[in-house]
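Okay, start_3.txt now, which holds compact mmCIF, N, CA and C atoms:
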```txt
# COMPACT_ATOMS: atom_id res chain seq x y z
N MET Q 479 0.83 -1.18 0.00
CA MET Q 479 0.00 0.00 0.00
C MET Q 479 0.88 1.25 0.00
N ASN Q 480 0.63 2.17 -0.92
CA ASN Q 480 1.34 3.45 -0.99
C ASN Q 480 0.44 4.57 -0.51
N ASN Q 481 0.97 5.40 0.37
CA ASN Q 481 0.23 6.55 0.87
C ASN Q 481 1.10 7.78 0.75
N LYS Q 482 0.49 8.89 0.37
CA LYS Q 482 1.20 10.17 0.31
C LYS Q 482 0.96 10.92 1.61
N ILE Q 483 2.02 11.53 2.11
CA ILE Q 483 1.95 12.33 3.33
C ILE Q 483 2.52 13.70 2.99
N TYR Q 484 1.80 14.75 3.39
CA TYR Q 484 2.24 16.12 3.13
C TYR Q 484 2.55 16.79 4.46
N ILE Q 485 3.75 17.39 4.54
CA ILE Q 485 4.20 18.04 5.77
C ILE Q 485 4.53 19.49 5.45
N ALA Q 486 3.94 20.42 6.22
CA ALA Q 486 4.20 21.84 6.03
C ALA Q 486 5.34 22.29 6.94
N SER Q 487 6.29 23.03 6.36
CA SER Q 487 7.39 23.63 7.11
C SER Q 487 7.12 25.13 7.18
N ARG Q 488 6.61 25.62 8.33
CA ARG Q 488 6.17 26.99 8.47
C ARG Q 488 7.31 27.92 8.87
N VAL Q 489 8.22 28.12 7.95
CA VAL Q 489 9.31 29.07 8.12
C VAL Q 489 9.45 29.82 6.80
N ARG Q 490 10.10 30.99 6.85
CA ARG Q 490 10.41 31.66 5.59
C ARG Q 490 11.28 30.71 4.79
N GLU Q 491 11.08 30.67 3.51
CA GLU Q 491 11.78 29.72 2.64
C GLU Q 491 11.37 28.27 2.94
N GLY Q 492 10.25 28.11 3.63
CA GLY Q 492 9.75 26.77 3.92
C GLY Q 492 8.96 26.24 2.75
N GLY Q 493 8.06 25.33 3.02
CA GLY Q 493 7.25 24.77 1.96
C GLY Q 493 6.55 23.50 2.38
N ILE Q 494 6.12 22.75 1.39
CA ILE Q 494 5.41 21.50 1.61
C ILE Q 494 6.29 20.34 1.12
N TYR Q 495 6.52 19.40 2.00
CA TYR Q 495 7.25 18.18 1.66
C TYR Q 495 6.24 17.08 1.36
N THR Q 496 6.46 16.38 0.27
CA THR Q 496 5.60 15.25 -0.09
C THR Q 496 6.39 13.97 0.10
N TYR Q 497 5.87 13.10 0.95
CA TYR Q 497 6.49 11.80 1.21
C TYR Q 497 5.56 10.69 0.75
N GLU Q 498 6.16 9.57 0.48
CA GLU Q 498 5.40 8.36 0.20
C GLU Q 498 5.72 7.35 1.28
N TYR Q 499 4.71 6.70 1.79
CA TYR Q 499 4.91 5.66 2.79
C TYR Q 499 4.55 4.32 2.17
N ALA Q 500 5.52 3.43 2.12
CA ALA Q 500 5.29 2.11 1.55
C ALA Q 500 6.19 1.10 2.25
N ASP Q 501 5.63 0.00 2.62
CA ASP Q 501 6.38 -1.10 3.23
C ASP Q 501 7.19 -0.65 4.45
N GLY Q 502 6.61 0.22 5.27
CA GLY Q 502 7.26 0.67 6.48
C GLY Q 502 8.35 1.71 6.30
N ILE Q 503 8.46 2.27 5.09
CA ILE Q 503 9.52 3.24 4.80
C ILE Q 503 8.91 4.53 4.25
N TYR Q 504 9.41 5.67 4.77
CA TYR Q 504 9.03 6.98 4.26
C TYR Q 504 10.09 7.43 3.25
N LYS Q 505 9.64 7.86 2.09
CA LYS Q 505 10.56 8.33 1.06
C LYS Q 505 10.10 9.71 0.60
N MET Q 506 11.02 10.71 0.68
CA MET Q 506 10.65 12.05 0.20
C MET Q 506 10.60 12.05 -1.32
N LEU Q 507 9.48 12.55 -1.85
CA LEU Q 507 9.30 12.60 -3.29
C LEU Q 507 9.50 14.00 -3.85
N PHE Q 508 8.88 15.00 -3.19
CA PHE Q 508 8.88 16.35 -3.73
C PHE Q 508 8.99 17.37 -2.61
N PHE Q 509 9.48 18.54 -2.97
CA PHE Q 509 9.45 19.70 -2.08
C PHE Q 509 8.92 20.86 -2.90
N THR Q 510 7.88 21.53 -2.41
CA THR Q 510 7.30 22.69 -3.07
C THR Q 510 7.55 23.88 -2.17
N GLN Q 511 8.45 24.78 -2.61
CA GLN Q 511 8.82 25.92 -1.78
C GLN Q 511 7.71 26.96 -1.78
N MET Q 512 7.43 27.48 -0.58
CA MET Q 512 6.50 28.59 -0.41
C MET Q 512 6.77 29.21 0.95
N ASP Q 513 6.34 30.42 1.13
CA ASP Q 513 6.62 31.17 2.35
C ASP Q 513 5.60 30.87 3.44
N SER Q 514 6.03 30.24 4.49
CA SER Q 514 5.26 30.04 5.72
C SER Q 514 3.89 29.38 5.53
N PRO Q 515 3.85 28.16 4.95
CA PRO Q 515 2.57 27.45 4.89
C PRO Q 515 2.14 27.02 6.29
N MET Q 516 0.85 27.16 6.57
CA MET Q 516 0.37 26.85 7.93
C MET Q 516 -0.58 25.66 7.99
N TYR Q 517 -1.66 25.71 7.26
CA TYR Q 517 -2.66 24.65 7.29
C TYR Q 517 -3.01 24.29 5.85
N MET Q 518 -3.43 23.04 5.66
CA MET Q 518 -3.77 22.61 4.30
C MET Q 518 -4.88 21.57 4.34
N ILE Q 519 -5.64 21.55 3.26
CA ILE Q 519 -6.64 20.50 3.05
C ILE Q 519 -6.56 20.06 1.60
N MET Q 520 -6.87 18.79 1.38
CA MET Q 520 -6.90 18.28 0.02
C MET Q 520 -8.34 17.92 -0.31
N SER Q 521 -8.75 18.29 -1.52
CA SER Q 521 -10.09 18.01 -1.97
C SER Q 521 -10.11 17.98 -3.49
N ASP Q 522 -10.67 16.93 -4.05
CA ASP Q 522 -10.83 16.82 -5.50
C ASP Q 522 -9.53 17.08 -6.26
N LYS Q 523 -8.45 16.42 -5.82
CA LYS Q 523 -7.13 16.54 -6.47
C LYS Q 523 -6.60 17.97 -6.45
N LYS Q 524 -7.01 18.74 -5.44
CA LYS Q 524 -6.50 20.09 -5.20
C LYS Q 524 -6.00 20.15 -3.76
N MET Q 525 -4.88 20.86 -3.57
CA MET Q 525 -4.38 21.12 -2.24
C MET Q 525 -4.55 22.61 -1.98
N HIS Q 526 -5.28 22.95 -0.93
CA HIS Q 526 -5.51 24.33 -0.53
C HIS Q 526 -4.65 24.59 0.70
N ILE Q 527 -3.86 25.67 0.67
CA ILE Q 527 -2.86 25.92 1.70
C ILE Q 527 -2.97 27.35 2.21
N LEU Q 528 -3.02 27.50 3.54
CA LEU Q 528 -2.99 28.83 4.14
C LEU Q 528 -1.55 29.25 4.33
N LEU Q 529 -1.25 30.50 3.96
CA LEU Q 529 0.08 31.07 4.13
C LEU Q 529 0.00 32.15 5.21
N ARG Q 530 0.99 32.20 6.08
CA ARG Q 530 1.00 33.07 7.26
C ARG Q 530 0.80 34.54 6.89
N SER Q 531 1.67 35.10 6.08
CA SER Q 531 1.53 36.51 5.66
C SER Q 531 2.31 36.73 4.37
N PRO Q 532 1.73 36.32 3.25
CA PRO Q 532 2.44 36.38 1.97
C PRO Q 532 2.46 37.75 1.31
N PHE Q 533 1.80 38.72 1.92
CA PHE Q 533 1.70 40.05 1.32
C PHE Q 533 2.60 41.03 2.08
N ASP Q 534 2.60 42.27 1.66
CA ASP Q 534 3.40 43.31 2.33
C ASP Q 534 2.66 43.87 3.55
N ASN Q 535 1.69 43.15 4.05
CA ASN Q 535 0.97 43.54 5.27
C ASN Q 535 0.85 42.29 6.14
N ASP Q 536 0.04 42.33 7.14
CA ASP Q 536 -0.07 41.19 8.05
C ASP Q 536 -1.23 40.24 7.73
N LYS Q 537 -1.83 40.38 6.56
CA LYS Q 537 -2.94 39.52 6.16
C LYS Q 537 -2.43 38.15 5.70
N SER Q 538 -3.21 37.12 6.03
CA SER Q 538 -2.88 35.77 5.58
C SER Q 538 -3.38 35.56 4.16
N GLY Q 539 -2.96 34.46 3.54
CA GLY Q 539 -3.37 34.18 2.17
C GLY Q 539 -3.70 32.71 1.98
N LEU Q 540 -4.41 32.43 0.91
CA LEU Q 540 -4.78 31.08 0.51
C LEU Q 540 -4.28 30.85 -0.90
N ILE Q 541 -3.56 29.74 -1.10
CA ILE Q 541 -3.12 29.35 -2.43
C ILE Q 541 -3.58 27.92 -2.68
N SER Q 542 -3.92 27.62 -3.92
CA SER Q 542 -4.37 26.27 -4.28
C SER Q 542 -3.48 25.72 -5.39
N TYR Q 543 -3.18 24.44 -5.28
CA TYR Q 543 -2.37 23.72 -6.26
C TYR Q 543 -3.16 22.54 -6.77
N ASP Q 544 -2.90 22.14 -8.01
CA ASP Q 544 -3.37 20.85 -8.48
C ASP Q 544 -2.42 19.80 -7.91
N VAL Q 545 -2.96 18.61 -7.65
CA VAL Q 545 -2.13 17.51 -7.18
C VAL Q 545 -1.98 16.52 -8.32
N ALA Q 546 -0.74 16.36 -8.80
CA ALA Q 546 -0.46 15.46 -9.92
C ALA Q 546 -0.62 14.00 -9.48
N GLU Q 547 -0.66 13.12 -10.43
CA GLU Q 547 -0.88 11.70 -10.16
C GLU Q 547 0.12 11.12 -9.17
N LYS Q 548 1.38 11.57 -9.22
CA LYS Q 548 2.40 11.05 -8.31
C LYS Q 548 2.48 11.83 -7.00
N GLY Q 549 1.58 12.81 -6.82
CA GLY Q 549 1.51 13.55 -5.57
C GLY Q 549 2.16 14.92 -5.58
N GLU Q 550 2.79 15.28 -6.69
CA GLU Q 550 3.46 16.58 -6.77
C GLU Q 550 2.44 17.71 -6.83
N LEU Q 551 2.75 18.83 -6.17
CA LEU Q 551 1.90 20.01 -6.22
C LEU Q 551 2.30 20.84 -7.43
N ILE Q 552 1.36 21.05 -8.35
CA ILE Q 552 1.64 21.75 -9.61
C ILE Q 552 0.59 22.83 -9.86
N ASN Q 553 0.86 23.68 -10.82
CA ASN Q 553 -0.07 24.72 -11.27
C ASN Q 553 -0.62 25.57 -10.12
N PRO Q 554 0.27 26.28 -9.41
CA PRO Q 554 -0.24 27.11 -8.31
C PRO Q 554 -1.14 28.21 -8.82
N GLY Q 555 -2.20 28.45 -8.07
CA GLY Q 555 -3.11 29.55 -8.41
C GLY Q 555 -2.61 30.84 -7.79
N GLU Q 556 -3.38 31.87 -7.96
CA GLU Q 556 -3.08 33.18 -7.37
C GLU Q 556 -3.27 33.10 -5.86
N ILE Q 557 -2.43 33.81 -5.11
CA ILE Q 557 -2.62 33.88 -3.66
C ILE Q 557 -3.75 34.86 -3.37
N LEU Q 558 -4.78 34.38 -2.70
CA LEU Q 558 -5.94 35.19 -2.35
C LEU Q 558 -5.86 35.59 -0.89
N SER Q 559 -6.18 36.82 -0.57
CA SER Q 559 -6.16 37.29 0.81
C SER Q 559 -7.33 36.68 1.58
N THR Q 560 -7.06 36.28 2.82
CA THR Q 560 -8.13 35.83 3.71
C THR Q 560 -8.77 37.02 4.42
N LYS Q 561 -8.26 38.20 4.12
CA LYS Q 561 -8.76 39.46 4.69
C LYS Q 561 -8.73 39.47 6.21
N GLY Q 562 -7.75 38.73 6.77
CA GLY Q 562 -7.61 38.68 8.21
C GLY Q 562 -6.21 38.28 8.62
N GLN Q 563 -5.97 38.29 9.91
CA GLN Q 563 -4.65 38.00 10.45
C GLN Q 563 -4.59 36.60 11.05
N ILE Q 564 -3.49 35.94 10.78
CA ILE Q 564 -3.17 34.61 11.28
C ILE Q 564 -4.31 33.61 11.00
N ALA Q 565 -4.46 33.29 9.74
CA ALA Q 565 -5.44 32.28 9.34
C ALA Q 565 -5.08 30.96 10.03
N CYS Q 566 -6.08 30.32 10.63
CA CYS Q 566 -5.77 29.16 11.47
C CYS Q 566 -6.64 27.94 11.19
N HIS Q 567 -7.52 28.00 10.22
CA HIS Q 567 -8.35 26.83 9.93
C HIS Q 567 -8.90 26.93 8.51
N LEU Q 568 -9.03 25.78 7.89
CA LEU Q 568 -9.59 25.66 6.54
C LEU Q 568 -10.69 24.60 6.55
N ALA Q 569 -11.70 24.81 5.74
CA ALA Q 569 -12.73 23.79 5.56
C ALA Q 569 -13.32 23.95 4.17
N LYS Q 570 -13.73 22.84 3.60
CA LYS Q 570 -14.45 22.87 2.32
C LYS Q 570 -15.84 22.32 2.58
N ILE Q 571 -16.83 23.17 2.32
CA ILE Q 571 -18.23 22.79 2.54
C ILE Q 571 -19.00 23.18 1.29
N ASP Q 572 -19.70 22.22 0.70
CA ASP Q 572 -20.51 22.49 -0.49
C ASP Q 572 -19.71 23.20 -1.58
N ASN Q 573 -18.51 22.71 -1.88
CA ASN Q 573 -17.62 23.25 -2.90
C ASN Q 573 -17.15 24.67 -2.63
N CYS Q 574 -17.26 25.14 -1.39
CA CYS Q 574 -16.76 26.46 -1.01
C CYS Q 574 -15.66 26.29 0.02
N ILE Q 575 -14.63 27.13 -0.08
CA ILE Q 575 -13.53 27.11 0.88
C ILE Q 575 -13.78 28.19 1.92
N TYR Q 576 -13.69 27.82 3.19
CA TYR Q 576 -13.83 28.75 4.31
C TYR Q 576 -12.51 28.81 5.05
N CYS Q 577 -12.11 30.01 5.47
CA CYS Q 577 -10.90 30.22 6.25
C CYS Q 577 -11.28 30.99 7.52
N VAL Q 578 -10.65 30.63 8.62
CA VAL Q 578 -10.85 31.32 9.88
C VAL Q 578 -9.56 32.08 10.21
N ASN Q 579 -9.70 33.34 10.55
CA ASN Q 579 -8.57 34.20 10.92
C ASN Q 579 -8.57 34.40 12.42
N TYR Q 580 -7.54 33.90 13.08
CA TYR Q 580 -7.49 33.87 14.53
C TYR Q 580 -7.46 35.26 15.17
N THR Q 581 -6.42 36.05 14.87
CA THR Q 581 -6.23 37.33 15.55
C THR Q 581 -7.33 38.32 15.22
N SER Q 582 -7.78 38.34 13.98
CA SER Q 582 -8.81 39.31 13.60
C SER Q 582 -10.22 38.80 13.88
N GLY Q 583 -10.38 37.55 14.33
CA GLY Q 583 -11.68 37.04 14.71
C GLY Q 583 -12.67 36.98 13.57
N SER Q 584 -12.21 36.59 12.39
CA SER Q 584 -13.11 36.60 11.23
C SER Q 584 -13.15 35.25 10.53
N VAL Q 585 -14.22 35.06 9.79
CA VAL Q 585 -14.41 33.89 8.94
C VAL Q 585 -14.68 34.41 7.54
N ILE Q 586 -14.04 33.79 6.56
CA ILE Q 586 -14.28 34.21 5.18
C ILE Q 586 -14.65 33.00 4.33
N LYS Q 587 -15.72 33.18 3.56
CA LYS Q 587 -16.06 32.23 2.50
C LYS Q 587 -15.34 32.79 1.29
N MET Q 588 -14.32 32.08 0.83
CA MET Q 588 -13.46 32.62 -0.22
C MET Q 588 -14.24 32.84 -1.50
N PRO Q 589 -13.97 33.96 -2.17
CA PRO Q 589 -12.90 34.90 -1.90
C PRO Q 589 -13.32 36.16 -1.17
N ASP Q 590 -14.62 36.39 -0.92
CA ASP Q 590 -14.95 37.74 -0.44
C ASP Q 590 -16.12 37.87 0.53
N SER Q 591 -16.67 36.81 1.06
CA SER Q 591 -17.78 36.93 2.02
C SER Q 591 -17.21 36.86 3.44
N LEU Q 592 -16.89 38.01 4.00
CA LEU Q 592 -16.21 38.11 5.29
C LEU Q 592 -17.18 38.45 6.41
N VAL Q 593 -17.05 37.73 7.54
CA VAL Q 593 -17.81 38.02 8.74
C VAL Q 593 -16.81 38.21 9.87
N ILE Q 594 -16.87 39.36 10.56
CA ILE Q 594 -15.97 39.64 11.66
C ILE Q 594 -16.74 39.50 12.97
N HIS Q 595 -16.15 38.74 13.89
CA HIS Q 595 -16.77 38.51 15.20
C HIS Q 595 -16.14 39.42 16.23
N LYS Q 596 -16.92 39.88 17.16
CA LYS Q 596 -16.43 40.76 18.23
C LYS Q 596 -16.75 40.12 19.57
N GLY Q 597 -15.94 40.44 20.58
CA GLY Q 597 -16.18 39.94 21.93
C GLY Q 597 -15.36 38.71 22.24
N ASN Q 598 -15.70 38.08 23.35
CA ASN Q 598 -14.96 36.89 23.80
C ASN Q 598 -15.73 35.64 23.50
```
Can you present the structure in this file as structure tokens?
Amino acid sequence: MNNKIYIASRVREGGIYTYEYADGIYKMLFFTQMDSPMYMIMSDKKMHILLRSPFDNDKSGLISYDVAEKGELINPGEILSTKGQIACHLAKIDNCIYCVNYTSGSVIKMPDSLVIHKGN
């Protein structure tokens, strides 16, 4: 049985490592460089990845890649702003991507339906 494992390295000049697990052995297959990836979800042969602060401000971003047959991340899309600070969660519901921004207390249905929460 072969399984792909994706590991995010959340540092500048970091990225996503793609490993294959087979017969009790992990083998690194690919490295996709990107700045500070934080959280990721895979859906329909797409990998959606939150980036800590890819812009010249403190806003987080979302980038999506196609996942090739061998597990490589290819064809990166445009980085979209989550319109908030420190994006900390991703979900796909009814073909829509939702991101939660921790510090700014907001939820966004990508790319532009933003709700900001106030209080504790």
task: Please identify all polymer residues within 5 Å of Gln563 in chain Q, counting all atoms listed in the file, omitting same-chain residues fewer than 6 positions from it, and present them as a ChimeraX atom specification.
output: /Q:536-538,579-582
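You can rank Q:Ile519, Q:Leu529, Q:Ile571, Q:Val593 by their closest distance to Leu558 in chain Q using only C-alpha atoms, and at the top of that list sits Q:Leu529.
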task: Assign secondary structure with DSSP using the backbone only, and return the residues of range 491-578 of chain Q in strand (DSSP E) as a PyMOL selection string.
output: chain Q and resi 493-500+503-511+515-521+524-529+537-545+551-552+558-563+565-571+574-578
- request: Would you list the contacts of Tyr484 in chain Q as number ranges by chain, taking every protein, DNA or RNA residue within 6.5 Å and counting only N, CA and C atoms, but skipping same-chain residues closer than 6 positions in sequence?
  value: Q: 494-497
- request: Would you mind listing what lies within 7 Å of range 512-517 of chain Q as JSON, numbers by chain, with only C-alpha atoms counted and same-chain residues fewer than 4 positions away left out?
  value: {"Q": [486, 487, 488, 489, 490, 491, 492, 493, 527, 528, 529, 530, 532, 566, 567]}
field: Test item: residues at most 7 Å from Lys523 in chain Q, all atoms listed in the file, excluding those fewer than 4 positions along its chain, as number ranges by chain
entry: Q: 543-546
- prompt: Skipping near chain neighbours, those fewer than 4 positions away, what residues fall within 8 Å of Met588 in chain Q using only N, CA and C atoms, listed as a ChimeraX atom specification?
  reply: /Q:559-560,574-577,592
query: For Leu540 in chain Q, which residue out of Q:Thr510, Q:Asp572, Q:Lys482, Q:Ile586 is the nearest one, using only C-alpha atoms?
result: Q:Ile586
statement: Between CA of Ile483 in chain Q and CA of Val578 in chain Q lies a distance of 23.8 Å
Atom pair CA of Gly597 in chain Q / CA of Gly539 in chain Q: separation (Å):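 According to the coordinates, CA of Gly597 in chain Q and CA of Gly539 in chain Q are separated by 24.2 Å.
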Specify the axis-aligned box that encloses all atoms of range 574-589 of chain Q listed in the file after padding of 6 Å on each side, stating its centre and edge lengths in Å to one decimal as lines of an AutoDock Vina configuration file.
```
center_x = -11.7
center_y = 32.2
center_z = 6.7
size_x = 23.0
size_y = 26.2
size_z = 29.7
```
field: One-decimal distance in Å that lies between CA of Met518 in chain Q and CA of Tyr499 in chain Q
entry: 19.1 Å
Could you write range 516-527 of chain Q as a PDB file, in the frame of the given file, with all heavy atoms rebuilt where they are missing?
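Wrote selection.pdb, looks like this:
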```pdb
ATOM      1  N   MET Q 516       0.850  27.160   6.570  1.00  0.00           N
ATOM      2  CA  MET Q 516       0.370  26.850   7.930  1.00  0.00           C
ATOM      3  C   MET Q 516      -0.580  25.660   7.990  1.00  0.00           C
ATOM      4  O   MET Q 516      -0.356  24.743   8.722  1.00  0.00           O
ATOM      5  CB  MET Q 516      -0.295  28.095   8.517  1.00  0.00           C
ATOM      6  CG  MET Q 516       0.710  29.207   8.673  1.00  0.00           C
ATOM      7  SD  MET Q 516       0.183  30.611   9.630  1.00  0.00           S
ATOM      8  CE  MET Q 516      -0.566  29.943  11.072  1.00  0.00           C
ATOM      9  N   TYR Q 517      -1.660  25.710   7.260  1.00  0.00           N
ATOM     10  CA  TYR Q 517      -2.660  24.650   7.290  1.00  0.00           C
ATOM     11  C   TYR Q 517      -3.010  24.290   5.850  1.00  0.00           C
ATOM     12  O   TYR Q 517      -2.901  25.108   4.952  1.00  0.00           O
ATOM     13  CB  TYR Q 517      -3.928  25.123   8.013  1.00  0.00           C
ATOM     14  CG  TYR Q 517      -3.667  25.451   9.445  1.00  0.00           C
ATOM     15  CD1 TYR Q 517      -3.300  26.735   9.823  1.00  0.00           C
ATOM     16  CD2 TYR Q 517      -3.752  24.473  10.432  1.00  0.00           C
ATOM     17  CE1 TYR Q 517      -3.026  27.039  11.146  1.00  0.00           C
ATOM     18  CE2 TYR Q 517      -3.481  24.765  11.752  1.00  0.00           C
ATOM     19  CZ  TYR Q 517      -3.119  26.053  12.097  1.00  0.00           C
ATOM     20  OH  TYR Q 517      -2.845  26.350  13.396  1.00  0.00           O
ATOM     21  N   MET Q 518      -3.430  23.040   5.660  1.00  0.00           N
ATOM     22  CA  MET Q 518      -3.770  22.610   4.300  1.00  0.00           C
ATOM     23  C   MET Q 518      -4.880  21.570   4.340  1.00  0.00           C
ATOM     24  O   MET Q 518      -5.037  20.842   5.319  1.00  0.00           O
ATOM     25  CB  MET Q 518      -2.532  22.067   3.600  1.00  0.00           C
ATOM     26  CG  MET Q 518      -1.803  20.985   4.325  1.00  0.00           C
ATOM     27  SD  MET Q 518      -0.183  20.698   3.569  1.00  0.00           S
ATOM     28  CE  MET Q 518       0.621  19.921   4.953  1.00  0.00           C
ATOM     29  N   ILE Q 519      -5.640  21.550   3.260  1.00  0.00           N
ATOM     30  CA  ILE Q 519      -6.640  20.500   3.050  1.00  0.00           C
ATOM     31  C   ILE Q 519      -6.560  20.060   1.600  1.00  0.00           C
ATOM     32  O   ILE Q 519      -6.188  20.835   0.724  1.00  0.00           O
ATOM     33  CB  ILE Q 519      -8.081  20.958   3.374  1.00  0.00           C
ATOM     34  CG1 ILE Q 519      -8.488  22.155   2.524  1.00  0.00           C
ATOM     35  CG2 ILE Q 519      -8.248  21.235   4.849  1.00  0.00           C
ATOM     36  CD1 ILE Q 519      -9.969  22.512   2.640  1.00  0.00           C
ATOM     37  N   MET Q 520      -6.870  18.790   1.380  1.00  0.00           N
ATOM     38  CA  MET Q 520      -6.900  18.280   0.020  1.00  0.00           C
ATOM     39  C   MET Q 520      -8.340  17.920  -0.310  1.00  0.00           C
ATOM     40  O   MET Q 520      -9.039  17.321   0.502  1.00  0.00           O
ATOM     41  CB  MET Q 520      -6.013  17.064  -0.149  1.00  0.00           C
ATOM     42  CG  MET Q 520      -5.911  16.646  -1.603  1.00  0.00           C
ATOM     43  SD  MET Q 520      -4.861  15.234  -1.920  1.00  0.00           S
ATOM     44  CE  MET Q 520      -3.325  15.756  -1.276  1.00  0.00           C
ATOM     45  N   SER Q 521      -8.750  18.290  -1.520  1.00  0.00           N
ATOM     46  CA  SER Q 521     -10.090  18.010  -1.970  1.00  0.00           C
ATOM     47  C   SER Q 521     -10.110  17.980  -3.490  1.00  0.00           C
ATOM     48  O   SER Q 521      -9.624  18.907  -4.135  1.00  0.00           O
ATOM     49  CB  SER Q 521     -11.049  19.087  -1.448  1.00  0.00           C
ATOM     50  OG  SER Q 521     -12.346  18.851  -1.914  1.00  0.00           O
ATOM     51  N   ASP Q 522     -10.670  16.930  -4.050  1.00  0.00           N
ATOM     52  CA  ASP Q 522     -10.830  16.820  -5.500  1.00  0.00           C
ATOM     53  C   ASP Q 522      -9.530  17.080  -6.260  1.00  0.00           C
ATOM     54  O   ASP Q 522      -9.489  17.875  -7.192  1.00  0.00           O
ATOM     55  CB  ASP Q 522     -11.911  17.793  -5.994  1.00  0.00           C
ATOM     56  CG  ASP Q 522     -13.250  17.554  -5.314  1.00  0.00           C
ATOM     57  OD1 ASP Q 522     -13.581  16.382  -5.056  1.00  0.00           O
ATOM     58  OD2 ASP Q 522     -13.951  18.534  -5.032  1.00  0.00           O
ATOM     59  N   LYS Q 523      -8.450  16.420  -5.820  1.00  0.00           N
ATOM     60  CA  LYS Q 523      -7.130  16.540  -6.470  1.00  0.00           C
ATOM     61  C   LYS Q 523      -6.600  17.970  -6.450  1.00  0.00           C
ATOM     62  O   LYS Q 523      -5.875  18.400  -7.342  1.00  0.00           O
ATOM     63  CB  LYS Q 523      -7.152  15.972  -7.867  1.00  0.00           C
ATOM     64  CG  LYS Q 523      -7.444  14.485  -7.875  1.00  0.00           C
ATOM     65  CD  LYS Q 523      -7.213  13.873  -9.212  1.00  0.00           C
ATOM     66  CE  LYS Q 523      -7.507  12.382  -9.115  1.00  0.00           C
ATOM     67  NZ  LYS Q 523      -7.193  11.676 -10.308  1.00  0.00           N
ATOM     68  N   LYS Q 524      -7.010  18.740  -5.440  1.00  0.00           N
ATOM     69  CA  LYS Q 524      -6.500  20.090  -5.200  1.00  0.00           C
ATOM     70  C   LYS Q 524      -6.000  20.150  -3.760  1.00  0.00           C
ATOM     71  O   LYS Q 524      -6.625  19.587  -2.861  1.00  0.00           O
ATOM     72  CB  LYS Q 524      -7.600  21.140  -5.357  1.00  0.00           C
ATOM     73  CG  LYS Q 524      -7.991  21.410  -6.776  1.00  0.00           C
ATOM     74  CD  LYS Q 524      -7.584  22.823  -7.111  1.00  0.00           C
ATOM     75  CE  LYS Q 524      -8.077  23.215  -8.473  1.00  0.00           C
ATOM     76  NZ  LYS Q 524      -7.036  23.820  -9.260  1.00  0.00           N
ATOM     77  N   MET Q 525      -4.880  20.860  -3.570  1.00  0.00           N
ATOM     78  CA  MET Q 525      -4.380  21.120  -2.240  1.00  0.00           C
ATOM     79  C   MET Q 525      -4.550  22.610  -1.980  1.00  0.00           C
ATOM     80  O   MET Q 525      -4.069  23.448  -2.750  1.00  0.00           O
ATOM     81  CB  MET Q 525      -2.903  20.745  -2.138  1.00  0.00           C
ATOM     82  CG  MET Q 525      -2.279  21.045  -0.790  1.00  0.00           C
ATOM     83  SD  MET Q 525      -2.798  19.959   0.536  1.00  0.00           S
ATOM     84  CE  MET Q 525      -1.860  18.496   0.151  1.00  0.00           C
ATOM     85  N   HIS Q 526      -5.280  22.950  -0.930  1.00  0.00           N
ATOM     86  CA  HIS Q 526      -5.510  24.330  -0.530  1.00  0.00           C
ATOM     87  C   HIS Q 526      -4.650  24.590   0.700  1.00  0.00           C
ATOM     88  O   HIS Q 526      -4.701  23.837   1.674  1.00  0.00           O
ATOM     89  CB  HIS Q 526      -6.990  24.562  -0.207  1.00  0.00           C
ATOM     90  CG  HIS Q 526      -7.903  24.142  -1.312  1.00  0.00           C
ATOM     91  ND1 HIS Q 526      -8.091  24.899  -2.457  1.00  0.00           N
ATOM     92  CD2 HIS Q 526      -8.665  23.034  -1.462  1.00  0.00           C
ATOM     93  CE1 HIS Q 526      -8.940  24.277  -3.254  1.00  0.00           C
ATOM     94  NE2 HIS Q 526      -9.304  23.144  -2.677  1.00  0.00           N
ATOM     95  N   ILE Q 527      -3.860  25.670   0.670  1.00  0.00           N
ATOM     96  CA  ILE Q 527      -2.860  25.920   1.700  1.00  0.00           C
ATOM     97  C   ILE Q 527      -2.970  27.350   2.210  1.00  0.00           C
ATOM     98  O   ILE Q 527      -2.990  28.303   1.413  1.00  0.00           O
ATOM     99  CB  ILE Q 527      -1.442  25.684   1.130  1.00  0.00           C
ATOM    100  CG1 ILE Q 527      -1.329  24.271   0.559  1.00  0.00           C
ATOM    101  CG2 ILE Q 527      -0.378  25.933   2.200  1.00  0.00           C
ATOM    102  CD1 ILE Q 527      -0.158  24.068  -0.382  1.00  0.00           C
TER     103      ILE Q 527
END
```
